[in-house]
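For reference, my_file39.cif (mmCIF, C-alpha atoms):
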data_run
loop_
_atom_site.label_atom_id
_atom_site.label_comp_id
_atom_site.auth_asym_id
_atom_site.auth_seq_id
_atom_site.Cartn_x
_atom_site.Cartn_y
_atom_site.Cartn_z
CA MET U 1 118.11 132.60 -80.18
CA ALA U 2 117.43 131.18 -76.72
CA GLY U 3 119.40 128.10 -75.78
CA ARG U 4 117.84 124.75 -75.00
CA PRO U 5 116.64 124.58 -71.36
CA GLY U 6 118.95 122.63 -69.05
CA PRO U 7 117.98 120.25 -66.22
CA ARG U 8 117.85 123.01 -63.64
CA ASP U 9 115.59 125.13 -65.86
CA ASP U 10 113.20 122.20 -66.15
CA ALA U 11 113.28 121.64 -62.39
CA ALA U 12 112.44 125.27 -61.74
CA ARG U 13 109.30 125.07 -63.87
CA SER U 14 107.68 122.17 -62.09
CA PHE U 15 108.00 120.56 -58.70
CA ALA U 16 106.71 117.00 -58.64
CA PRO U 17 108.40 115.13 -55.77
CA CYS U 18 108.07 111.55 -54.62
CA ALA U 19 109.76 109.49 -51.92
CA VAL U 20 112.05 106.50 -52.49
CA VAL U 21 112.48 104.08 -49.58
CA PRO U 22 114.99 101.22 -49.89
CA ILE U 23 114.15 98.25 -47.70
CA TYR U 24 115.91 95.06 -46.74
CA ASN U 25 114.05 93.07 -44.06
CA HIS U 26 112.69 96.13 -42.20
CA GLY U 27 109.23 94.63 -42.12
CA ARG U 28 108.31 95.98 -38.68
CA THR U 29 108.91 99.64 -39.49
CA ILE U 30 108.11 100.09 -43.18
CA ALA U 31 104.36 100.63 -42.78
CA ALA U 32 104.81 103.51 -40.34
CA THR U 33 107.40 105.14 -42.59
CA ALA U 34 105.40 104.73 -45.81
CA ASN U 35 102.14 105.86 -44.24
CA ALA U 36 103.77 108.96 -42.74
CA LEU U 37 105.21 109.92 -46.13
CA ALA U 38 101.88 109.37 -47.87
CA ALA U 39 100.18 111.51 -45.23
CA HIS U 40 102.37 114.40 -46.40
CA GLY U 41 101.02 113.92 -49.93
CA LEU U 42 104.08 112.16 -51.32
CA PRO U 43 103.81 109.22 -53.72
CA VAL U 44 106.10 106.52 -52.31
CA LEU U 45 108.30 104.12 -54.28
CA ILE U 46 109.40 101.26 -52.01
CA VAL U 47 112.39 99.35 -53.38
CA ASP U 48 112.59 95.84 -51.94
CA ASP U 49 116.26 94.90 -52.01
CA GLY U 50 115.81 91.12 -51.91
CA SER U 51 114.05 90.93 -48.53
CA ASN U 52 113.01 87.69 -46.84
CA GLY U 53 109.60 86.09 -47.30
CA GLU U 54 108.08 87.66 -44.19
CA THR U 55 109.01 91.17 -45.33
CA ARG U 56 107.79 90.49 -48.87
CA ASP U 57 104.39 89.47 -47.49
CA ILE U 58 104.23 92.65 -45.39
CA LEU U 59 105.07 94.76 -48.42
CA ASP U 60 102.48 93.04 -50.61
CA ALA U 61 99.80 93.70 -48.00
CA LEU U 62 100.94 97.29 -47.52
CA VAL U 63 100.70 98.34 -51.17
CA THR U 64 97.56 96.41 -52.12
CA GLY U 65 94.83 98.78 -53.26
CA ARG U 66 96.92 101.91 -52.66
CA ASP U 67 97.78 103.99 -55.70
CA GLU U 68 100.08 106.27 -53.67
CA LEU U 69 102.40 103.34 -52.87
CA ARG U 70 104.40 101.53 -55.54
CA LEU U 71 106.57 98.49 -54.93
CA ILE U 72 109.72 97.77 -56.95
CA ARG U 73 111.43 94.42 -56.37
CA LEU U 74 115.05 93.60 -56.98
CA PRO U 75 115.61 89.87 -57.65
CA ARG U 76 118.31 89.58 -54.99
CA ASN U 77 119.99 91.70 -52.33
CA ALA U 78 122.22 94.15 -54.19
CA GLY U 79 122.82 96.82 -51.55
CA LYS U 80 121.34 100.13 -50.48
CA GLY U 81 122.99 102.06 -53.30
CA ALA U 82 121.70 99.68 -55.95
CA ALA U 83 118.18 99.91 -54.52
CA LEU U 84 118.28 103.71 -54.48
CA THR U 85 119.63 103.85 -58.01
CA ALA U 86 116.77 101.64 -59.20
CA GLY U 87 114.28 103.84 -57.35
CA PHE U 88 115.71 107.09 -58.73
CA LEU U 89 115.62 105.84 -62.31
CA ALA U 90 112.06 104.57 -61.90
CA ALA U 91 110.98 107.91 -60.40
CA HIS U 92 112.61 109.80 -63.27
CA ASP U 93 110.92 107.56 -65.84
CA ALA U 94 107.58 108.17 -64.10
CA GLY U 95 107.99 111.93 -64.54
CA TYR U 96 108.87 113.04 -61.01
CA SER U 97 111.19 116.02 -60.65
CA HIS U 98 112.62 115.32 -57.18
CA VAL U 99 113.13 112.38 -54.84
CA LEU U 100 113.05 112.41 -51.07
CA GLN U 101 115.31 109.60 -49.84
CA ILE U 102 114.55 108.20 -46.39
CA ASP U 103 115.49 104.98 -44.59
CA ALA U 104 112.90 102.31 -43.81
CA ASP U 105 114.07 101.60 -40.26
CA GLY U 106 112.34 104.48 -38.46
CA GLN U 107 115.52 106.44 -37.68
CA HIS U 108 114.38 109.56 -39.47
CA ASP U 109 111.77 112.05 -38.29
CA THR U 110 109.03 112.14 -40.92
CA THR U 111 107.52 115.26 -39.34
CA ASP U 112 110.40 117.12 -41.02
CA VAL U 113 109.22 116.13 -44.51
CA PRO U 114 107.44 119.50 -45.04
CA ARG U 115 110.70 121.32 -44.22
CA PHE U 116 112.60 119.37 -46.88
CA LEU U 117 109.84 120.00 -49.42
CA ALA U 118 109.63 123.70 -48.61
CA GLU U 119 113.40 124.09 -49.00
CA ALA U 120 113.30 122.29 -52.35
CA ARG U 121 110.43 124.43 -53.62
CA THR U 122 112.51 127.50 -52.84
CA ARG U 123 115.69 126.04 -54.38
CA PRO U 124 114.55 123.33 -56.84
CA GLU U 125 118.05 123.06 -58.32
CA ALA U 126 119.62 122.17 -54.93
CA MET U 127 120.31 118.96 -53.06
CA ILE U 128 118.67 119.22 -49.63
CA CYS U 129 120.79 117.27 -47.11
CA GLY U 130 119.64 116.22 -43.68
CA ARG U 131 122.02 117.28 -40.91
CA PRO U 132 121.44 114.82 -38.06
CA VAL U 133 120.65 116.01 -34.56
CA TYR U 134 121.27 112.98 -32.36
CA ASP U 135 119.99 112.00 -28.95
CA ASP U 136 121.76 109.71 -26.48
CA SER U 137 120.81 106.61 -28.49
CA VAL U 138 123.57 107.17 -31.06
CA PRO U 139 126.48 104.68 -30.75
CA ARG U 140 129.60 106.68 -29.94
CA ALA U 141 131.82 104.69 -32.32
CA ARG U 142 129.46 105.47 -35.21
CA LEU U 143 129.26 109.13 -34.21
CA TYR U 144 133.03 109.62 -34.06
CA GLY U 145 133.56 107.67 -37.26
CA ARG U 146 131.26 110.05 -39.11
CA TYR U 147 133.55 112.97 -38.39
CA LEU U 148 136.39 111.31 -40.27
CA THR U 149 134.17 111.05 -43.33
CA HIS U 150 133.02 114.66 -42.88
CA ALA U 151 136.65 115.83 -42.91
CA CYS U 152 137.37 113.79 -46.05
CA VAL U 153 134.33 115.25 -47.82
CA TRP U 154 135.35 118.80 -46.93
CA VAL U 155 138.69 118.12 -48.63
CA GLU U 156 137.06 116.36 -51.61
CA THR U 157 134.76 119.34 -52.22
CA LEU U 158 137.12 122.07 -50.95
CA SER U 159 134.17 123.41 -48.98
CA PHE U 160 132.09 122.95 -45.84
CA ASP U 161 128.83 123.06 -47.82
CA ILE U 162 127.96 119.40 -47.20
CA GLN U 163 127.61 119.34 -43.43
CA ASP U 164 126.80 115.60 -43.23
CA SER U 165 127.37 113.34 -46.23
CA MET U 166 126.30 110.08 -44.55
CA CYS U 167 122.73 110.92 -43.60
CA GLY U 168 120.25 108.87 -45.64
CA TYR U 169 117.58 111.56 -45.36
CA ARG U 170 117.82 114.05 -48.21
CA LEU U 171 116.05 115.39 -51.28
CA TYR U 172 117.57 115.27 -54.77
CA PRO U 173 116.86 117.10 -58.03
CA LEU U 174 116.30 114.10 -60.30
CA ALA U 175 117.51 115.51 -63.63
CA ASP U 176 121.03 116.11 -62.34
CA THR U 177 121.04 112.96 -60.23
CA CYS U 178 120.05 110.65 -63.08
CA ALA U 179 122.47 112.41 -65.42
CA GLU U 180 125.24 111.65 -62.94
CA ILE U 181 124.12 108.03 -62.67
CA ALA U 182 124.26 107.79 -66.47
CA ARG U 183 127.73 109.36 -66.52
CA LYS U 184 129.19 106.81 -64.11
CA PRO U 185 127.48 104.13 -61.99
CA LEU U 186 127.26 104.82 -58.27
CA PRO U 187 128.38 102.49 -55.47
CA ALA U 188 125.96 99.68 -54.71
CA ARG U 189 126.19 99.69 -50.93
CA MET U 190 126.63 101.96 -47.91
CA ASP U 191 129.16 104.19 -49.65
CA PHE U 192 126.40 105.44 -51.96
CA ASP U 193 125.20 108.33 -49.76
CA THR U 194 128.59 110.00 -49.52
CA GLU U 195 129.68 109.48 -53.11
CA ILE U 196 126.48 110.81 -54.69
CA ALA U 197 126.64 113.91 -52.48
CA VAL U 198 130.24 114.65 -53.50
CA ARG U 199 129.66 113.93 -57.18
CA LEU U 200 126.56 116.13 -57.35
CA TYR U 201 128.55 118.90 -55.67
CA TRP U 202 131.28 118.48 -58.29
CA ARG U 203 128.54 118.68 -60.92
CA GLY U 204 127.62 122.14 -59.65
CA VAL U 205 124.48 121.23 -57.72
CA PRO U 206 124.14 123.61 -54.75
CA VAL U 207 123.59 122.21 -51.25
CA ARG U 208 121.16 123.19 -48.52
CA ASN U 209 121.32 121.59 -45.07
CA VAL U 210 118.27 120.89 -42.90
CA PRO U 211 118.75 119.93 -39.22
CA THR U 212 116.69 116.85 -38.42
CA ARG U 213 116.34 114.51 -35.46
CA VAL U 214 117.86 111.03 -35.93
CA ILE U 215 117.45 108.18 -33.45
CA TYR U 216 118.95 104.72 -33.06
CA PRO U 217 116.17 102.45 -31.73
CA GLU U 218 117.34 99.84 -29.20
CA ASP U 219 115.87 97.02 -31.29
CA GLY U 220 116.73 98.63 -34.62
CA LEU U 221 118.03 96.51 -37.51
CA SER U 222 121.24 97.85 -39.03
CA HIS U 223 122.87 96.39 -42.13
CA PHE U 224 126.09 98.32 -41.65
CA ARG U 225 128.98 95.82 -41.63
CA MET U 226 131.74 97.41 -39.59
CA TRP U 227 134.82 96.02 -41.33
CA HIS U 228 133.51 95.34 -44.82
CA ASP U 229 131.72 98.67 -45.21
CA ASN U 230 134.57 100.66 -43.67
CA VAL U 231 136.94 99.14 -46.26
CA ARG U 232 134.53 100.20 -49.02
CA ILE U 233 134.25 103.69 -47.53
CA SER U 234 138.05 104.00 -47.33
CA ALA U 235 138.36 102.98 -50.99
CA MET U 236 135.64 105.47 -51.89
CA HIS U 237 137.47 108.35 -50.19
CA THR U 238 140.69 107.43 -51.99
CA ARG U 239 138.78 107.49 -55.29
CA LEU U 240 137.09 110.81 -54.49
CA LEU U 241 140.28 112.47 -53.30
CA LEU U 242 141.96 111.52 -56.58
CA GLY U 243 138.89 112.73 -58.46
CA MET U 244 139.06 116.08 -56.70
CA LEU U 245 142.57 116.87 -57.98
CA PRO U 246 141.71 117.58 -61.63
CA ARG U 247 138.60 119.45 -60.46
CA MET U 248 140.52 121.62 -58.00
CA PRO U 249 140.77 124.74 -60.23
CA ARG U 250 137.04 124.71 -60.94
CA LEU U 251 136.15 124.13 -57.29
CA LEU U 252 138.40 126.97 -56.19
CA LEU U 253 136.94 129.27 -58.86
CA ARG U 254 133.45 128.36 -57.66
CA LYS U 255 134.43 129.28 -54.11
CA PHE U 256 136.00 132.55 -55.27
CA ASN U 257 132.96 133.55 -57.34
CA ARG U 258 130.59 132.85 -54.46
CA ARG U 259 132.73 134.86 -52.06
CA ASN U 260 132.73 137.81 -54.43
CA ALA U 261 129.08 137.57 -55.52
#
Starting from the coordinates I provided, produce the structure as structure tokens.
Amino acid sequence: MAGRPGPRDDAARSFAPCAVVPIYNHGRTIAATANALAAHGLPVLIVDDGSNGETRDILDALVTGRDELRLIRLPRNAGKGAALTAGFLAAHDAGYSHVLQIDADGQHDTTDVPRFLAEARTRPEAMICGRPVYDDSVPRARLYGRYLTHACVWVETLSFDIQDSMCGYRLYPLADTCAEIARKPLPARMDFDTEIAVRLYWRGVPVRNVPTRVIYPEDGLSHFRMWHDNVRISAMHTRLLLGMLPRMPRLLLRKFNRRNA
């Protein structure tokens, strides 16, 4: 008798993606981002993470009369990770199979959306990670700091498969992602992007990397808090390194099987 289909079997049968955009006071850039996503045929779930009154008014005007845009409001600012978690669960409940995550601040190149979608259609069971290609606008301290996290993630996964775990531009298979959320809550703030990538890798979700242009606008609004968020990221890496240890035999076996496939 055939076994019950698993999440990846379901994902392979249908491909119904949407976009989830967390926003906290990015009122100036959200319309351009949402409109660009909708132009690619993606339904867009905008998650307002307790924005100010001006941004709320912009969002209300943006979604009025537009079925392709849906607004979800959190009662207070809870953090990027909390907003994304709420968006993922709402997308799953609405019947979508995949979520394209993208920031609201205009850093990410929406002309690459078709490349993410094409990669996911080919490998619907995979997590499609953006690999940033920076121009001269990137702050050097942020750039160098990313490499420390990259090195930690390579140890935590015993692989180089995740080429950039901090990029907020990626596409997730929702069945596995929501199952992982149900297994253990994800971080609420900036440490979300790295932890979900590592945990999905541990879960057995394959990774594909898509090079994509990322800019840092001169007047861009960043909510990254240098000291506070770096402390959270350090604690996250400690937690993930400890979590890797009992998984080490399985991760090494996975590497061996791929090498000999």
Considering only C-alpha atoms, return as a ChimeraX atom specification whatever protein or nucleic-acid residues lie within 8 Å of Gly50 of chain U, sequence-local ones (same chain, fewer than 4 positions apart) excluded.
/U:24,73-78
Can you find the residues with an atom no farther than 10 Å from (107.5, 116.9, -39.6), counting all atoms listed in the file, and report them as a list of chain:residue names?
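Residues with an atom close enough to that point: U:Ala36, U:Leu37, U:His40, U:Asp109, U:Thr110, U:Thr111, U:Asp112, U:Val113, U:Pro114, U:Arg115, U:Phe116, U:Thr212.
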Between U:Asp105, U:Asp67, U:Asp161, U:Glu156, single out the one closest to Met127 of chain U, counting only C-alpha atoms.
U:Asp161
Around the point (142.7, 115.7, -56.3) in the file's coordinates, collect all residues with an atom within 12 Å, using all atoms listed in the file, and return them as a PyMOL selection string.
chain U and resi 152-153+155-158+202+237-251
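Relative to atom CA of Val44 of chain U, atom CA of Thr85 of chain U is found at 14.9 Å.
Each of U:Ala61, U:Ile215, U:Leu71, U:Leu174 was checked against Ala16 of chain U using only C-alpha atoms; the smallest atom-to-atom distance is that of U:Leu174.
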Which is closest to Cys129 of chain U among U:Tyr147, U:Tyr201, U:Tyr96, U:Phe88, if we use all atoms listed in the file?
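So, comparing all the options, the nearest one is U:Tyr201.
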Given only C-alpha atoms as the basis, pick out the residue of U:Ile102, U:Leu45, U:Ile196, U:Leu253 nearest to Arg66 of chain U.
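When distances to Arg66 of chain U are compared using only C-alpha atoms, the smallest one comes from U:Leu45.
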Tell me which residues the PyMOL selection byres ((chain U and resi 203) around 12) grabs here, as a PyMOL selection string.
chain U and resi 7-8+125-127+157+175-181+183+196-202+204-207+244+247+250-251+254
Kindly indicate which residue among U:Leu69, U:Ala38, U:Ala19, U:Ala83 lies nearest to Tyr169 of chain U, using all atoms listed in the file for the distances.
U:Ala19
My list of candidates is U:Gly27, U:Pro211, U:Gly81, U:Pro43. Which is closest to Gln163 of chain U when distances are computed with all atoms listed in the file?
U:Pro211
Close residues, Ile128 of chain U itself excluded, 8 Å, only C-alpha atoms, min 2 positions apart in chain, as a PDB file with C-alpha atoms, in the frame of the given file:
ATOM      1  CA  PHE U 116     112.600 119.370 -46.880  1.00  0.00           C
ATOM      2  CA  GLU U 119     113.400 124.090 -49.000  1.00  0.00           C
ATOM      3  CA  ALA U 120     113.300 122.290 -52.350  1.00  0.00           C
ATOM      4  CA  ALA U 126     119.620 122.170 -54.930  1.00  0.00           C
ATOM      5  CA  GLY U 130     119.640 116.220 -43.680  1.00  0.00           C
ATOM      6  CA  ARG U 170     117.820 114.050 -48.210  1.00  0.00           C
ATOM      7  CA  LEU U 171     116.050 115.390 -51.280  1.00  0.00           C
ATOM      8  CA  TYR U 172     117.570 115.270 -54.770  1.00  0.00           C
ATOM      9  CA  VAL U 207     123.590 122.210 -51.250  1.00  0.00           C
ATOM     10  CA  ARG U 208     121.160 123.190 -48.520  1.00  0.00           C
ATOM     11  CA  ASN U 209     121.320 121.590 -45.070  1.00  0.00           C
ATOM     12  CA  VAL U 210     118.270 120.890 -42.900  1.00  0.00           C
TER      13      VAL U 210
END
Carefully work through the PyMOL selection byres ((chain U and resi 52-57) around 6) for this structure and note down the residues it includes, as a list in words.
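Applying the PyMOL selection byres ((chain U and resi 52-57) around 6) to the structure shown produces Asn25, Gly27, Ser51, Ile58, Leu59 and Asp60 of chain U.
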What does the distance between atom CA of Asp103 of chain U and atom CA of Val21 of chain U come to in Å, to one decimal place?
5.9 Å
Using only the atoms of segment 234-246 of chain U listed in the file, plus 8 Å on each side, state the axis-aligned box centre and edge lengths in Å rounded to one decimal, as lines of an AutoDock Vina configuration file.
center_x = 139.1
center_y = 110.3
center_z = -54.5
size_x = 22.9
size_y = 30.6
size_z = 30.3
One decimal, Å: what's the distance from atom CA of Ala31 of chain U over to atom CA of Val63 of chain U, could you say?
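Straight-line distance from atom CA of Ala31 of chain U to atom CA of Val63 of chain U works out to 9.4 Å.
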Please list as a PyMOL selection string every residue within 10 Å of segment 232-234 of chain U, counting all atoms listed in the file and excluding residues in the same chain fewer than 4 positions away.
chain U and resi 149+152+187+189-192+194-195+227-228+238-240
